[in-house]
Amino acid sequence: MTVSTIYPDYDVMKEKAKWDENTRHVVEGRLKAPGMPRFFSPQELTLLKSALHRIVDEEDKGIIARVAGQIDDHLAEKRGQGYRQVGVAEEEALFRLGLTLLDTTAMQAYEESFLQLTAQQKDEILGQVQRGEVIWKEIKPQDFFNKLLRTAVDFFFSQPEIWSEIGYGGPAYPRGYYRIEYGLKDPWEARLDRKLVAKRAEAGLGPGPIRRVDR
Amino acid sequence: MNHETGLPWKNLNEEVDVVIVGAGATGAVVAQELGRAGLSVVLIEAGPYWEVSRDFVSDELHMRKTAWRMKRLTAGTDAPELGHNISGSGVGGGTNHFTAVVPRLFPSDFRIKTIDGVGEDWPITYEDVAPYYEQLEKEIPVSGPKHYPWGGFHGPYPYPAREPVGAMHQVLRIGCEKLGIRSSVAPLAILSAPFQGRPPCINRGFCAQGCLPNSKFSTLIHHIPRALDAGVELRHGCMVNRLLCKPDDTIEGVTFLFNGHEYRQKAKAVILCASAIETPRLLLMSADGRHKKGLANSSGMVGKCFMLHSGHEVVARFPEEILPYKGTPILTTTQEFYESPSDGSRVRGYSIHAHGSRPLAFMKIVTKTTKTWGRHLREIARDYNYFARLTIVGEVLPQIKNSITLSDEKDEFGLPAPIVTFSYGDNDRKVIEDGVNMCKQILEAAGGKVEFICPDTSHMLGGCRMGSNSSDSVVDGWGRSHDHKNLFIADTSTWVTSGASNPTLTAMALAWRTADYMVEEFRQGNL
């Protein structure tokens, strides 16, 4: 069985009363269900969500819908990325063309929309796109994949549930931290479940055999 | 002035003494000093006027808004990632989200051609800058150790060293100790004790997102209010798009864009503090019939010899939790490998800093290095708390081909987007290889297992270098243009070599020195 977290009792949102109001507003805003897309067409948004499920290995439809909605906000509001390499298309073009081309590639390979494929088939197509093994005229498939991956990671790992899952302390103002040296924790930080750490270790995951750092 | 709109601008129709372009690390210092000297000053900033309590939050993604997000293009074999790590936007500029690591350059940095036979010598020496380092360290004020082992200044720093040292920083100290390498708490522009109403650091860990308690120095909270008190007029949201040159080659003033309209501001002198990308870009964009290669560019050196620091990240997994989100992101350092080793294996060197990670910074390293996604990505993320990171600040030698040029593509202002072209040279790669190798040894000696080695860069420098010869440099040792006697540059574009220290303190010290010189030139009637 997969261990989804080694911090089963930790919920970063339990501390929200200790955060400043502006931060609380931003983080709580991230938990709201998205409205209608403004940048993507409904079809593109569905394709994006379908790809996101695989990219970040997340089955929860609510989280993925929020991530997709927040990517849509980013693109609709033209927040900008600040830079791109010469020869790489702008992010708006990468997303819009890339999602459609992803579907076309799926149709060519399986005679079905990307949306209808099994998880394994989706991963196969995404892998080909990442490795540049498909030929797209308008944009380089690798450029689309890199943009999709980096953006997916940015928005997915900004979701409070995921902060809780990885034991990230989250916002910390005005409270701060007091116990920061090796081996110390403040009372509100995530507590490890050693049994779950051991279970992950059995599967070859996690930090491995315990070797203590000398103080 | 109305802080919401920036209007009305009281000095718009006047010829002021000085226009400063850019209100970041250096422009704010210059503004404070020129304002206090009684000069009439207009400080023009392209980005917004941040208000800490309204605009700063404890969130990585949201705070990317403090980066320069207008269109820039990159090229070269090592086309850099720009964005949040490299440059700021708005009042305070990069100081809003820098890690506040403020070592000085070493005396040898100013003379590497003489000492090491590479690069160029600066037209000034460490001793020229030292008095400005000293007064700046007191003014902002810098916390640091009683004794600092390296370079030209061994302490004590004005404020005590920050303590305690967090787990991720202990890793560097333990690893260095085992290898017999000296390490130290870094000099930081972060308070270890109260200062003028600002509290000491609370270890919140969000230096790179903007400090909320104002424990970390920024020009937004320090120099800007003092400049305004001294009568400086600040115009934010205004993008300077051209310098105006008179037939006698003096600068008449600038034009700038605000809400799609162009305005003109005349001045007796103009000083550029816009960054190593925007300053050369502005000079190139100001080309006219008589200056086809751009202003201040008779040498052809505007935009040339652009440098970054190599900033490779080495990340190791530890057997117990490190909790890399807690505390000041960079707190311990070694500058043991800063200069050329005696075995000749490389020229010049690097600093190594222990460096905390919030989730997005960590996951960026994971995706860049492994290209992984799906289940494997999530499994790595589940061990986020077990990882510690060391970052190098590696010297990069100047090369003509590393440059800022103008693209045919237009940015959001309708101006030619800059192209940042960057490729490492052979020695740069040797510095990186050695630096990464040393990071690995330190992490392993501390009990870690190195898993990710990620190329990155930091700190933009050069592109309008200073020099005593007008044929191969853009400004003189005071930051004054060889071609236009009332045009100055006080940002990091004037740097001749990169050094391997975080550049902000030096940049501000040089800016202060240039401001003092301008005040004296005004006094003597030369401006």
# chains A, B, ... in the order shown; residues from 1 in each chain; ligands from 1
call {"tool": "interface_residues", "arguments": {"of": "chain A", "to": "chain B", "cutoff": "6 Å", "atoms": "only C-alpha atoms", "output": "list in words"}}
result
Thr23, Arg54, Ile55, Val56, Asp57, Gly80, Gln81, Gly82, Tyr83, Arg84, Gln85, Val86, Asp154, Ile166, Pro171, Ala172, Gly176, Tyr177, Ile180, Glu181, Tyr182, Pro207, Ile210, Arg211 and Val213 of chain A
call {"tool": "write_last_selection", "arguments": {"atoms": "N, CA, C and O atoms", "output": "mmCIF file, in the first residue's frame"}}
result
data_model
loop_
_atom_site.group_PDB
_atom_site.id
_atom_site.type_symbol
_atom_site.label_atom_id
_atom_site.label_comp_id
_atom_site.auth_asym_id
_atom_site.auth_seq_id
_atom_site.Cartn_x
_atom_site.Cartn_y
_atom_site.Cartn_z
ATOM 1 N N THR A 23 -2.218 37.103 3.962
ATOM 2 C CA THR A 23 -1.769 35.757 3.602
ATOM 3 C C THR A 23 -2.946 34.783 3.665
ATOM 4 O O THR A 23 -3.135 33.951 2.775
ATOM 5 N N ARG A 54 -2.116 13.149 -14.441
ATOM 6 C CA ARG A 54 -0.985 12.243 -14.665
ATOM 7 C C ARG A 54 0.342 12.906 -14.251
ATOM 8 O O ARG A 54 1.204 12.261 -13.666
ATOM 9 N N ILE A 55 0.493 14.176 -14.582
ATOM 10 C CA ILE A 55 1.776 14.858 -14.345
ATOM 11 C C ILE A 55 2.120 14.875 -12.857
ATOM 12 O O ILE A 55 3.266 14.636 -12.462
ATOM 13 N N VAL A 56 1.123 15.159 -12.027
ATOM 14 C CA VAL A 56 1.416 15.227 -10.591
ATOM 15 C C VAL A 56 0.856 14.006 -9.843
ATOM 16 O O VAL A 56 0.836 13.991 -8.612
ATOM 17 N N ASP A 57 0.397 12.997 -10.601
ATOM 18 C CA ASP A 57 -0.082 11.758 -9.991
ATOM 19 C C ASP A 57 -1.098 12.040 -8.888
ATOM 20 O O ASP A 57 -0.923 11.633 -7.741
ATOM 21 N N GLY A 80 2.540 37.096 -16.844
ATOM 22 C CA GLY A 80 3.865 37.117 -17.471
ATOM 23 C C GLY A 80 4.826 36.159 -16.797
ATOM 24 O O GLY A 80 4.697 35.835 -15.630
ATOM 25 N N GLN A 81 5.782 35.713 -17.569
ATOM 26 C CA GLN A 81 6.789 34.805 -17.025
ATOM 27 C C GLN A 81 8.136 35.507 -16.923
ATOM 28 O O GLN A 81 9.048 35.019 -16.295
ATOM 29 N N GLY A 82 8.258 36.700 -17.530
ATOM 30 C CA GLY A 82 9.483 37.471 -17.379
ATOM 31 C C GLY A 82 10.555 37.154 -18.387
ATOM 32 O O GLY A 82 11.348 38.010 -18.708
ATOM 33 N N TYR A 83 10.594 35.954 -18.898
ATOM 34 C CA TYR A 83 11.663 35.625 -19.840
ATOM 35 C C TYR A 83 11.332 34.321 -20.543
ATOM 36 O O TYR A 83 10.564 33.497 -20.037
ATOM 37 N N ARG A 84 11.924 34.158 -21.682
ATOM 38 C CA ARG A 84 11.881 32.859 -22.359
ATOM 39 C C ARG A 84 13.036 32.792 -23.328
ATOM 40 O O ARG A 84 13.579 33.826 -23.739
ATOM 41 N N GLN A 85 13.431 31.576 -23.660
ATOM 42 C CA GLN A 85 14.567 31.403 -24.549
ATOM 43 C C GLN A 85 14.171 31.765 -25.980
ATOM 44 O O GLN A 85 13.038 31.482 -26.399
ATOM 45 N N VAL A 86 15.093 32.372 -26.704
ATOM 46 C CA VAL A 86 14.859 32.651 -28.127
ATOM 47 C C VAL A 86 14.501 31.336 -28.825
ATOM 48 O O VAL A 86 15.154 30.312 -28.604
ATOM 49 N N ASP A 154 4.479 24.227 -9.980
ATOM 50 C CA ASP A 154 4.330 25.491 -9.241
ATOM 51 C C ASP A 154 2.946 25.605 -8.597
ATOM 52 O O ASP A 154 2.821 25.971 -7.431
ATOM 53 N N ILE A 166 3.399 17.081 2.585
ATOM 54 C CA ILE A 166 4.864 17.012 2.638
ATOM 55 C C ILE A 166 5.423 17.597 3.936
ATOM 56 O O ILE A 166 6.633 17.640 4.135
ATOM 57 N N PRO A 171 2.741 29.409 5.829
ATOM 58 C CA PRO A 171 2.916 30.794 6.263
ATOM 59 C C PRO A 171 3.320 30.867 7.734
ATOM 60 O O PRO A 171 2.926 30.017 8.527
ATOM 61 N N ALA A 172 4.097 31.886 8.083
ATOM 62 C CA ALA A 172 4.657 31.905 9.445
ATOM 63 C C ALA A 172 4.756 33.320 9.998
ATOM 64 O O ALA A 172 5.626 33.605 10.804
ATOM 65 N N GLY A 176 6.432 33.281 13.328
ATOM 66 C CA GLY A 176 7.849 32.934 13.190
ATOM 67 C C GLY A 176 8.156 31.540 13.716
ATOM 68 O O GLY A 176 7.248 30.727 13.954
ATOM 69 N N TYR A 177 9.436 31.249 13.850
ATOM 70 C CA TYR A 177 9.890 29.967 14.424
ATOM 71 C C TYR A 177 10.904 30.239 15.516
ATOM 72 O O TYR A 177 11.669 31.204 15.439
ATOM 73 N N ILE A 180 14.845 26.098 15.755
ATOM 74 C CA ILE A 180 15.238 25.865 14.360
ATOM 75 C C ILE A 180 16.460 24.965 14.212
ATOM 76 O O ILE A 180 16.775 24.545 13.110
ATOM 77 N N GLU A 181 17.138 24.641 15.323
ATOM 78 C CA GLU A 181 18.333 23.817 15.196
ATOM 79 C C GLU A 181 17.956 22.363 14.891
ATOM 80 O O GLU A 181 16.816 21.940 15.074
ATOM 81 N N TYR A 182 18.981 21.624 14.486
ATOM 82 C CA TYR A 182 18.811 20.227 14.111
ATOM 83 C C TYR A 182 18.102 19.448 15.226
ATOM 84 O O TYR A 182 18.502 19.513 16.392
ATOM 85 N N PRO A 207 14.042 8.383 3.470
ATOM 86 C CA PRO A 207 15.440 8.725 3.732
ATOM 87 C C PRO A 207 16.349 7.523 3.946
ATOM 88 O O PRO A 207 17.557 7.690 4.026
ATOM 89 N N ILE A 210 18.697 4.877 9.010
ATOM 90 C CA ILE A 210 18.965 6.056 9.820
ATOM 91 C C ILE A 210 20.440 6.110 10.194
ATOM 92 O O ILE A 210 20.980 5.213 10.828
ATOM 93 N N ARG A 211 21.105 7.176 9.734
ATOM 94 C CA ARG A 211 22.467 7.468 10.168
ATOM 95 C C ARG A 211 22.398 8.842 10.790
ATOM 96 O O ARG A 211 22.022 9.805 10.126
ATOM 97 N N VAL A 213 23.230 12.505 12.114
ATOM 98 C CA VAL A 213 24.211 13.557 11.889
ATOM 99 C C VAL A 213 24.825 13.913 13.233
ATOM 100 O O VAL A 213 24.126 14.075 14.213
#
call {"tool": "residues_around", "arguments": {"residues": "Leu257 (chain B)", "least_positions_apart": "3", "cutoff": "12 Å", "atoms": "only C-alpha atoms", "output": "ChimeraX atom specification"}}
result
/B:44-47,235-242,254,260-265,412-415
call {"tool": "atom_distance", "arguments": {"atom1": "CA of Arg175 (chain A)", "atom2": "CA of Arg389 (chain B)"}}
result
24.9 Å
call {"tool": "residues_around", "arguments": {"residues": "Ser218 (chain B)", "least_positions_apart": "2", "cutoff": "8 Å", "atoms": "only C-alpha atoms", "output": "JSON list (two decimals) with N, CA, C and O atoms, in the first residue's frame"}}
result
[["chain", "number", "residue", "atom", "x", "y", "z"],
["B", 25, "ALA", "N", 18.13, 48.72, -5.45],
["B", 25, "ALA", "CA", 19.20, 48.76, -4.46],
["B", 25, "ALA", "C", 20.03, 50.03, -4.58],
["B", 25, "ALA", "O", 20.32, 50.69, -3.58],
["B", 92, "GLY", "N", 12.30, 49.51, -4.35],
["B", 92, "GLY", "CA", 13.06, 48.55, -3.53],
["B", 92, "GLY", "C", 13.77, 47.51, -4.40],
["B", 92, "GLY", "O", 14.76, 46.93, -3.99],
["B", 95, "THR", "N", 16.11, 44.24, -3.63],
["B", 95, "THR", "CA", 16.31, 44.13, -2.18],
["B", 95, "THR", "C", 15.04, 43.65, -1.47],
["B", 95, "THR", "O", 15.11, 43.19, -0.35],
["B", 96, "ASN", "N", 13.88, 43.75, -2.16],
["B", 96, "ASN", "CA", 12.67, 43.22, -1.53],
["B", 96, "ASN", "C", 12.73, 41.72, -1.35],
["B", 96, "ASN", "O", 12.17, 41.18, -0.41],
["B", 216, "LYS", "N", 14.48, 42.34, 7.85],
["B", 216, "LYS", "CA", 15.45, 42.35, 6.75],
["B", 216, "LYS", "C", 15.47, 43.74, 6.13],
["B", 216, "LYS", "O", 14.42, 44.32, 5.88],
["B", 220, "LEU", "N", 13.40, 49.70, 0.08],
["B", 220, "LEU", "CA", 11.99, 50.11, 0.20],
["B", 220, "LEU", "C", 11.70, 50.65, 1.60],
["B", 220, "LEU", "O", 10.99, 51.65, 1.74],
["B", 221, "ILE", "N", 12.22, 49.97, 2.62],
["B", 221, "ILE", "CA", 11.89, 50.42, 3.98],
["B", 221, "ILE", "C", 12.98, 51.31, 4.58],
["B", 221, "ILE", "O", 12.73, 51.99, 5.56],
["B", 222, "HIS", "N", 14.18, 51.30, 4.01],
["B", 222, "HIS", "CA", 15.24, 52.11, 4.61],
["B", 222, "HIS", "C", 15.52, 53.40, 3.83],
["B", 222, "HIS", "O", 15.22, 54.49, 4.32],
["B", 223, "HIS", "N", 16.07, 53.28, 2.64],
["B", 223, "HIS", "CA", 16.51, 54.49, 1.94],
["B", 223, "HIS", "C", 15.37, 55.31, 1.36],
["B", 223, "HIS", "O", 15.44, 56.54, 1.31]]
call {"tool": "residues_around", "arguments": {"residues": "Gly231 (chain B)", "least_positions_apart": "3", "cutoff": "10 Å", "atoms": "only C-alpha atoms", "output": "number ranges by chain"}}
result
B: 31-32, 34-36, 38-42, 225-228, 234
call {"tool": "atom_distance", "arguments": {"atom1": "CA of Leu102 (chain A)", "atom2": "CA of Gly62 (chain A)"}}
result
22.9 Å
call {"tool": "residues_around", "arguments": {"residues": "Gln441 (chain B)", "least_positions_apart": "6", "cutoff": "12 Å", "atoms": "only C-alpha atoms", "output": "list of chain:residue names"}}
result
B:Val171, B:Leu172, B:Ile174, B:Gly175, B:Cys176, B:Glu177, B:Lys178, B:Leu179, B:Gly180, B:Ile181, B:Val314, B:Val315, B:Ala316, B:Ile352, B:Leu390, B:Asp434, B:Gly435, B:Gly447, B:Gly448, B:Lys449, B:Val450
call {"tool": "residues_around", "arguments": {"residues": "Asp73 (chain A)", "least_positions_apart": "4", "cutoff": "9 Å", "atoms": "only C-alpha atoms", "output": "PyMOL selection string"}}
result
chain A and resi 37-39+68-69+77-79
call {"tool": "write_last_selection", "arguments": {"atoms": "N, CA and C atoms", "output": "PDB file, in the first residue's frame"}}
result
ATOM      1  N   PRO A  37     -13.545  29.128 -17.102  1.00  0.00           N
ATOM      2  CA  PRO A  37     -12.219  29.527 -17.598  1.00  0.00           C
ATOM      3  C   PRO A  37     -12.300  30.791 -18.441  1.00  0.00           C
ATOM      4  N   ARG A  38     -11.250  31.588 -18.360  1.00  0.00           N
ATOM      5  CA  ARG A  38     -11.198  32.825 -19.145  1.00  0.00           C
ATOM      6  C   ARG A  38     -10.185  32.727 -20.273  1.00  0.00           C
ATOM      7  N   PHE A  39      -9.110  31.978 -20.055  1.00  0.00           N
ATOM      8  CA  PHE A  39      -8.105  31.811 -21.111  1.00  0.00           C
ATOM      9  C   PHE A  39      -8.407  30.577 -21.957  1.00  0.00           C
ATOM     10  N   ALA A  68      -5.919  23.715 -12.284  1.00  0.00           N
ATOM     11  CA  ALA A  68      -6.179  24.121 -13.672  1.00  0.00           C
ATOM     12  C   ALA A  68      -6.776  25.521 -13.707  1.00  0.00           C
ATOM     13  N   GLY A  69      -7.701  25.790 -12.785  1.00  0.00           N
ATOM     14  CA  GLY A  69      -8.340  27.112 -12.734  1.00  0.00           C
ATOM     15  C   GLY A  69      -7.332  28.208 -12.427  1.00  0.00           C
ATOM     16  N   GLU A  77      -4.828  36.609 -16.896  1.00  0.00           N
ATOM     17  CA  GLU A  77      -4.409  37.909 -16.357  1.00  0.00           C
ATOM     18  C   GLU A  77      -3.054  38.355 -16.896  1.00  0.00           C
ATOM     19  N   LYS A  78      -2.481  37.558 -17.792  1.00  0.00           N
ATOM     20  CA  LYS A  78      -1.203  37.901 -18.430  1.00  0.00           C
ATOM     21  C   LYS A  78      -0.171  38.319 -17.383  1.00  0.00           C
ATOM     22  N   ARG A  79      -0.054  37.509 -16.328  1.00  0.00           N
ATOM     23  CA  ARG A  79       0.892  37.888 -15.281  1.00  0.00           C
ATOM     24  C   ARG A  79       2.321  37.858 -15.795  1.00  0.00           C
TER      25      ARG A  79
END
call {"tool": "closest_residue", "arguments": {"among": "A:Arg194, A:Lys140, A:His53, A:Arg24", "to": "Gln128 (chain A)", "atoms": "only C-alpha atoms"}}
result
A:Lys140
call {"tool": "closest_residue", "arguments": {"among": "B:Gly525, B:Pro187, B:Pro123, B:Pro200", "to": "Phe110 (chain B)", "atoms": "only C-alpha atoms"}}
result
B:Pro123
call {"tool": "residues_around", "arguments": {"residues": "Ala130 (chain B)", "least_positions_apart": "6", "cutoff": "10 Å", "atoms": "only C-alpha atoms", "output": "ChimeraX atom specification"}}
result
/B:104-105,107,136,152-153,506,509-510
call {"tool": "write_last_selection", "arguments": {"atoms": "N, CA and C atoms", "output": "short mmCIF file (atom, residue, chain, number, x, y, z; two decimals), in the first residue's frame"}}
result
data_model
loop_
_atom_site.label_atom_id
_atom_site.label_comp_id
_atom_site.auth_asym_id
_atom_site.auth_seq_id
_atom_site.Cartn_x
_atom_site.Cartn_y
_atom_site.Cartn_z
N ARG B 104 31.58 41.62 1.50
CA ARG B 104 32.26 42.55 0.59
C ARG B 104 32.93 41.77 -0.54
N LEU B 105 33.30 42.47 -1.60
CA LEU B 105 34.25 41.87 -2.54
C LEU B 105 35.60 41.76 -1.85
N PRO B 107 39.79 42.34 -1.82
CA PRO B 107 40.71 43.30 -2.46
C PRO B 107 41.21 42.79 -3.82
N LEU B 136 28.11 51.95 5.13
CA LEU B 136 26.87 51.25 4.76
C LEU B 136 26.56 50.13 5.76
N GLY B 152 39.03 41.32 2.80
CA GLY B 152 39.70 42.52 3.30
C GLY B 152 39.16 43.04 4.60
N PHE B 153 38.09 42.45 5.11
CA PHE B 153 37.47 42.94 6.34
C PHE B 153 37.19 41.76 7.27
N THR B 506 28.24 45.74 -2.30
CA THR B 506 29.20 46.45 -3.16
C THR B 506 28.48 47.41 -4.10
N ALA B 509 27.50 50.39 -2.15
CA ALA B 509 28.67 51.18 -1.76
C ALA B 509 29.18 51.99 -2.95
N LEU B 510 29.23 51.36 -4.12
CA LEU B 510 29.67 52.08 -5.32
C LEU B 510 28.69 53.19 -5.67
#
call {"tool": "closest_residue", "arguments": {"among": "A:Tyr178, A:Tyr110, A:Trp188, A:Phe145", "to": "Glu91 (chain A)", "atoms": "only C-alpha atoms"}}
result
A:Phe145
call {"tool": "select_by_dssp", "arguments": {"residues": "region 3-185 of chain A", "states": "alpha helix (DSSP H)", "output": "ChimeraX atom specification"}}
result
/A:21-29,42-55,61-76,91-110,119-130,141-156,160-166
call {"tool": "closest_residue", "arguments": {"among": "B:Thr250, B:Ser108, B:Asn502, B:Ser310", "to": "Glu395 (chain B)", "atoms": "only C-alpha atoms"}}
result
B:Ser310
call {"tool": "select_by_dssp", "arguments": {"residues": "region 261-449 of chain B", "states": "strand (DSSP E)", "output": "MDAnalysis selection string"}}
result
chainID B and resid 261:272 304:310 313:317 330:334 350:355 387:394 403:410 416:421 449
call {"tool": "closest_residue", "arguments": {"among": "B:Ser468, B:Ser286, B:Asn214, B:Ser184", "to": "Arg198 (chain B)", "atoms": "only C-alpha atoms"}}
result
B:Asn214
call {"tool": "atom_distance", "arguments": {"atom1": "CA of Ser183 (chain B)", "atom2": "CA of Tyr424 (chain B)"}}
result
27.8 Å
call {"tool": "closest_residue", "arguments": {"among": "B:Glu278, B:Asp428, B:Asp248, B:Glu520", "to": "His309 (chain B)", "atoms": "only C-alpha atoms"}}
result
B:Asp428
